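Enquirer: The structure's right below; bear with me while I get my questions together.
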Amino acid sequence: MTIVTASHPASTPAPLRYSLEPGGGCSVLASDGGPGGRRIVEAFGDLAMADHIAVIVPGNGHHLSNYYTERGPVGPRARGQRVLREMQRVDPGARAAVVVWIGYHTPQDLIRAASNAPAHAGAADLARLTHYLPSTAHITLIGHSYGATVCGLALSSARAEDVVALGSPGMGVWRRDELNDRTRLWAGHATSDWIRFFPRVRLGSLGLGRSPLHPELGAIRFDTGSATGHCGYYRENSESLRNIARIAVGRHDEVTRPGAGPVTRHPHRMMEVTAV
């Protein structure tokens, strides 16, 4: 796998270019070059042959410098590997792959995360990636925290059948018609997640828009089981992780709702989904 680099000014990163080649295991698809690089995109599994591809978009504080050293439960690399294992467990016959996409300059603290500017800057590159992925694959974007905002802003031009928002502070938009109505929108929200107190506003570059669970956006809420706090959605052996994997391999009828068991009907358009 060729690593394609992009040099750029710190405030205006140049678009990443991706190199997709057959093969399993893990491969770096793109990375910033030179000192101070902050972006990295890595694939797990065989992208070229995959029927189902999950693209994980992390939030604050993740970058190239800590990508390989962050070993804890919030490490994006470990989360990507965990999601792929669970996708393979949920559907052993599926050809699955995962992309961990830190393809934008993530906000480094909560104060900077009040601005939607980094999400806007990254959304175009995220959308561009989806058009480089195999055209026959079912693509699921999985955004955690600020990463969900990036996913929401990318949707108008991205190619994705499903979007999963985990602990979302806002989808970057205010109205449903700002999203792609052909994409199913799902939301995981633990009752103990402090993100519920995050202000839902959007004034110019300030604010991250509405929650995916707002009636105007109408996401399908799924059960997060034992997930607690803001960073527990990828917990091993949790109902949250199982539901993420079920969505990512297209097992929509097996996804469980909070206190309601499996979902039995899944409209194909967000505008037809009953809000929670």
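Ordering of the structure tokens sets the chain letters (A, B, ...), residue numbers begin anew at 1 in every chain, and ligands are numbered from 1 in the order given.
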Determine, for each residue of stretch 89-171 of chain A having at least one atom at most 10 Å from an atom of stretch 244-261 of chain A, the closest pair of atoms and their separation in Å to one decimal, counting only C-alpha atoms; order by chain and ascending number, as CSV.

Expert:
residue,atom,partner,partner_atom,distance
A:Arg89,CA,A:Ala245,CA,8.8
A:Val90,CA,A:Arg246,CA,6.5
A:Asp91,CA,A:Val249,CA,7.1
A:Ala94,CA,A:Val249,CA,7.3
A:Arg95,CA,A:Val249,CA,8.9
A:Ala96,CA,A:Val249,CA,7.5
A:Ala97,CA,A:Ala248,CA,9.7
A:Val98,CA,A:Ala248,CA,9.5
A:His138,CA,A:Gly250,CA,7.8
A:Ile139,CA,A:Ala248,CA,7.4
A:Thr140,CA,A:Ala248,CA,5.6
A:Leu141,CA,A:Ala248,CA,8.5
A:Ile142,CA,A:Ile244,CA,8.2
A:Glu161,CA,A:Gly250,CA,9.3
A:Asp162,CA,A:Ile247,CA,7.4
A:Val163,CA,A:Ile247,CA,8.9
A:Val164,CA,A:Ile244,CA,7.4
A:Ala165,CA,A:Ile244,CA,9.8
A:Leu166,CA,A:Ile244,CA,9.5

Enquirer: Write a file of the selected residues as a PDB file, in the first residue's frame, keeping C-alpha atoms.

Expert:
ATOM      1  CA  ARG A  89     -18.660 -12.106  14.354  1.00  0.00           C
ATOM      2  CA  VAL A  90     -22.136 -10.741  13.552  1.00  0.00           C
ATOM      3  CA  ASP A  91     -21.918 -11.953   9.938  1.00  0.00           C
ATOM      4  CA  ALA A  94     -19.599 -11.056   5.043  1.00  0.00           C
ATOM      5  CA  ARG A  95     -16.542  -9.541   3.416  1.00  0.00           C
ATOM      6  CA  ALA A  96     -15.959  -6.628   5.782  1.00  0.00           C
ATOM      7  CA  ALA A  97     -13.397  -3.864   6.152  1.00  0.00           C
ATOM      8  CA  VAL A  98     -12.947  -0.809   8.359  1.00  0.00           C
ATOM      9  CA  HIS A 138     -22.310  -0.847   1.497  1.00  0.00           C
ATOM     10  CA  ILE A 139     -20.723   2.100   3.329  1.00  0.00           C
ATOM     11  CA  THR A 140     -21.449   3.113   6.916  1.00  0.00           C
ATOM     12  CA  LEU A 141     -20.001   6.290   8.436  1.00  0.00           C
ATOM     13  CA  ILE A 142     -19.530   6.040  12.216  1.00  0.00           C
ATOM     14  CA  GLU A 161     -26.060   4.046   3.011  1.00  0.00           C
ATOM     15  CA  ASP A 162     -25.912   4.417   6.801  1.00  0.00           C
ATOM     16  CA  VAL A 163     -24.549   6.948   9.283  1.00  0.00           C
ATOM     17  CA  VAL A 164     -24.095   6.145  12.974  1.00  0.00           C
ATOM     18  CA  ALA A 165     -23.792   9.106  15.360  1.00  0.00           C
ATOM     19  CA  LEU A 166     -22.338   8.187  18.761  1.00  0.00           C
TER      20      LEU A 166
END

Enquirer: Could you state the separation of atom CA of A:Val74 and atom CA of A:Arg159 in Å, given to one decimal place?

Expert: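 Atom CA of A:Arg159 lies 26.7 Å from atom CA of A:Val74.
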
Enquirer: I'd like the neighbourhood of stretch 218-227 of chain A as a list in words, where a residue qualifies if any of its atoms comes within 6 Å (using only C-alpha atoms), though same-chain residues fewer than 4 positions away should be ignored.

Expert: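 Using only C-alpha atoms, the neighbours found are Leu185, Trp186, Ala187, Gly188, Pro212, Leu213, Gly232, Tyr233, Ser238, Glu239, Ser240, Thr256, Arg257, Pro258 and Ala275 of chain A.
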
Enquirer: As an exercise, work out the distance from atom CA of A:Asn116 to atom CA of A:Ala14 in Å and give it to one decimal place.

Expert: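 So the two atoms, atom CA of A:Asn116 and atom CA of A:Ala14, lie 18.2 Å apart.
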
Enquirer: Can you pull out every residue within 7 Å of stretch 173-180 of chain A, counting only C-alpha atoms, but drop anything in the same chain fewer than 2 positions away, and send it as a list in words?

Expert: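 Counting only the stated atoms, we get Gly152, Leu153, Leu155, Ser156, Met171, Arg182, Thr183, Gly209, Arg210, Glu216 and Leu217 of chain A.
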
Enquirer: Could you give me the residues within stretch 33-256 of chain A that DSSP places in alpha helix (DSSP H), as a PyMOL selection string?

Expert: chain A and resi 64-67+76-90+117-132+146-154+239-248

Enquirer: Dump C-alpha atoms for the selected residues as an mmCIF file, in the first residue's frame?

Expert:
data_model
loop_
_atom_site.group_PDB
_atom_site.id
_atom_site.type_symbol
_atom_site.label_atom_id
_atom_site.label_comp_id
_atom_site.auth_asym_id
_atom_site.auth_seq_id
_atom_site.Cartn_x
_atom_site.Cartn_y
_atom_site.Cartn_z
ATOM 1 C CA LEU A 64 -1.098 11.352 13.758
ATOM 2 C CA SER A 65 1.232 11.943 16.720
ATOM 3 C CA ASN A 66 -0.854 9.871 19.149
ATOM 4 C CA TYR A 67 -2.474 7.466 16.685
ATOM 5 C CA PRO A 76 -9.244 5.107 17.339
ATOM 6 C CA ARG A 77 -6.965 2.356 16.026
ATOM 7 C CA ALA A 78 -8.131 -0.126 18.663
ATOM 8 C CA ARG A 79 -11.719 0.875 18.010
ATOM 9 C CA GLY A 80 -11.336 0.194 14.306
ATOM 10 C CA GLN A 81 -9.950 -3.269 14.933
ATOM 11 C CA ARG A 82 -12.712 -3.968 17.459
ATOM 12 C CA VAL A 83 -15.469 -2.947 15.041
ATOM 13 C CA LEU A 84 -14.038 -5.166 12.306
ATOM 14 C CA ARG A 85 -13.899 -8.177 14.645
ATOM 15 C CA GLU A 86 -17.493 -7.580 15.678
ATOM 16 C CA MET A 87 -18.664 -7.182 12.069
ATOM 17 C CA GLN A 88 -17.049 -10.539 11.281
ATOM 18 C CA ARG A 89 -18.660 -12.106 14.354
ATOM 19 C CA VAL A 90 -22.136 -10.741 13.552
ATOM 20 C CA ALA A 117 -14.947 25.259 11.173
ATOM 21 C CA PRO A 118 -12.773 22.110 11.558
ATOM 22 C CA ALA A 119 -15.803 19.940 10.753
ATOM 23 C CA HIS A 120 -16.572 21.927 7.614
ATOM 24 C CA ALA A 121 -12.918 21.710 6.561
ATOM 25 C CA GLY A 122 -12.888 17.924 7.008
ATOM 26 C CA ALA A 123 -16.320 17.122 5.587
ATOM 27 C CA ALA A 124 -15.301 17.552 1.949
ATOM 28 C CA ASP A 125 -12.361 15.177 2.369
ATOM 29 C CA LEU A 126 -14.541 12.604 4.111
ATOM 30 C CA ALA A 127 -17.073 12.786 1.285
ATOM 31 C CA ARG A 128 -14.244 12.432 -1.234
ATOM 32 C CA LEU A 129 -13.053 9.246 0.473
ATOM 33 C CA THR A 130 -16.476 7.620 0.122
ATOM 34 C CA HIS A 131 -16.271 8.036 -3.657
ATOM 35 C CA TYR A 132 -12.856 6.352 -3.746
ATOM 36 C CA TYR A 146 -17.243 15.841 17.070
ATOM 37 C CA GLY A 147 -16.703 13.179 14.413
ATOM 38 C CA ALA A 148 -20.492 12.888 14.113
ATOM 39 C CA THR A 149 -20.594 16.576 13.166
ATOM 40 C CA VAL A 150 -18.069 15.924 10.398
ATOM 41 C CA CYS A 151 -20.216 13.030 9.145
ATOM 42 C CA GLY A 152 -23.355 15.166 9.129
ATOM 43 C CA LEU A 153 -21.716 17.931 7.136
ATOM 44 C CA ALA A 154 -20.253 15.404 4.667
ATOM 45 C CA GLU A 239 -24.902 -4.128 22.951
ATOM 46 C CA SER A 240 -23.672 -0.792 21.654
ATOM 47 C CA LEU A 241 -20.788 -2.401 19.758
ATOM 48 C CA ARG A 242 -23.022 -5.213 18.517
ATOM 49 C CA ASN A 243 -25.554 -2.729 17.165
ATOM 50 C CA ILE A 244 -22.829 -0.692 15.450
ATOM 51 C CA ALA A 245 -21.614 -3.879 13.767
ATOM 52 C CA ARG A 246 -25.150 -4.976 12.819
ATOM 53 C CA ILE A 247 -25.729 -1.676 11.059
ATOM 54 C CA ALA A 248 -22.336 -1.830 9.362
#

Enquirer: Residues at most 8 Å from A:Gly61, counting only C-alpha atoms, excluding those fewer than 2 positions away in the same chain, as a list in words?

Expert: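 The filter keeps Gly59, His63, Thr106, Pro107, Gln108 and Asp109 of chain A.
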
Enquirer: Hey, can you spit out that residue selection with N, CA, C and O atoms as an mmCIF file, in the first residue's frame?

Expert:
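Printed below is out09.cif as written:
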data_model
loop_
_atom_site.group_PDB
_atom_site.id
_atom_site.type_symbol
_atom_site.label_atom_id
_atom_site.label_comp_id
_atom_site.auth_asym_id
_atom_site.auth_seq_id
_atom_site.Cartn_x
_atom_site.Cartn_y
_atom_site.Cartn_z
ATOM 1 N N GLY A 59 -13.414 12.028 17.181
ATOM 2 C CA GLY A 59 -13.625 13.427 17.521
ATOM 3 C C GLY A 59 -12.363 14.099 18.045
ATOM 4 O O GLY A 59 -11.267 13.856 17.541
ATOM 5 N N HIS A 63 -4.893 12.546 16.537
ATOM 6 C CA HIS A 63 -4.054 13.029 15.441
ATOM 7 C C HIS A 63 -2.940 12.024 15.198
ATOM 8 O O HIS A 63 -2.783 11.031 15.941
ATOM 9 N N THR A 106 -8.506 17.656 13.926
ATOM 10 C CA THR A 106 -9.484 17.563 15.004
ATOM 11 C C THR A 106 -9.272 18.681 16.017
ATOM 12 O O THR A 106 -8.130 19.075 16.286
ATOM 13 N N PRO A 107 -10.338 19.205 16.610
ATOM 14 C CA PRO A 107 -10.166 20.188 17.692
ATOM 15 C C PRO A 107 -9.381 19.555 18.841
ATOM 16 O O PRO A 107 -9.582 18.384 19.161
ATOM 17 N N GLN A 108 -8.514 20.323 19.459
ATOM 18 C CA GLN A 108 -7.661 19.765 20.498
ATOM 19 C C GLN A 108 -8.239 19.923 21.900
ATOM 20 O O GLN A 108 -7.682 19.405 22.862
ATOM 21 N N ASP A 109 -9.341 20.647 22.053
ATOM 22 C CA ASP A 109 -9.990 20.773 23.363
ATOM 23 C C ASP A 109 -11.448 21.159 23.141
ATOM 24 O O ASP A 109 -11.887 21.439 22.022
#

Enquirer: For a quick check of understanding, using only C-alpha atoms, which of A:His105, A:His62, A:Asp32, A:Ser27 has the smallest distance to A:Gly45?

Expert: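 Of A:His105, A:His62, A:Asp32, A:Ser27, the one nearest A:Gly45 is A:Ser27, counting only C-alpha atoms.
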
Enquirer: Quick one, how far is atom CA of A:Phe44 from atom CA of A:Gly75?

Expert: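 Atom-to-atom, atom CA of A:Phe44 and atom CA of A:Gly75 are spaced 14.9 Å apart.
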
Enquirer: Which of stretch 24-247 of chain A end up as strand (DSSP E or B) when DSSP is run on this backbone - answer as an MDAnalysis selection string?

Expert: chainID A and resid 26:31 40:44 52:57 96:102 115 138:144 162:166 184:188 203 206 220:222
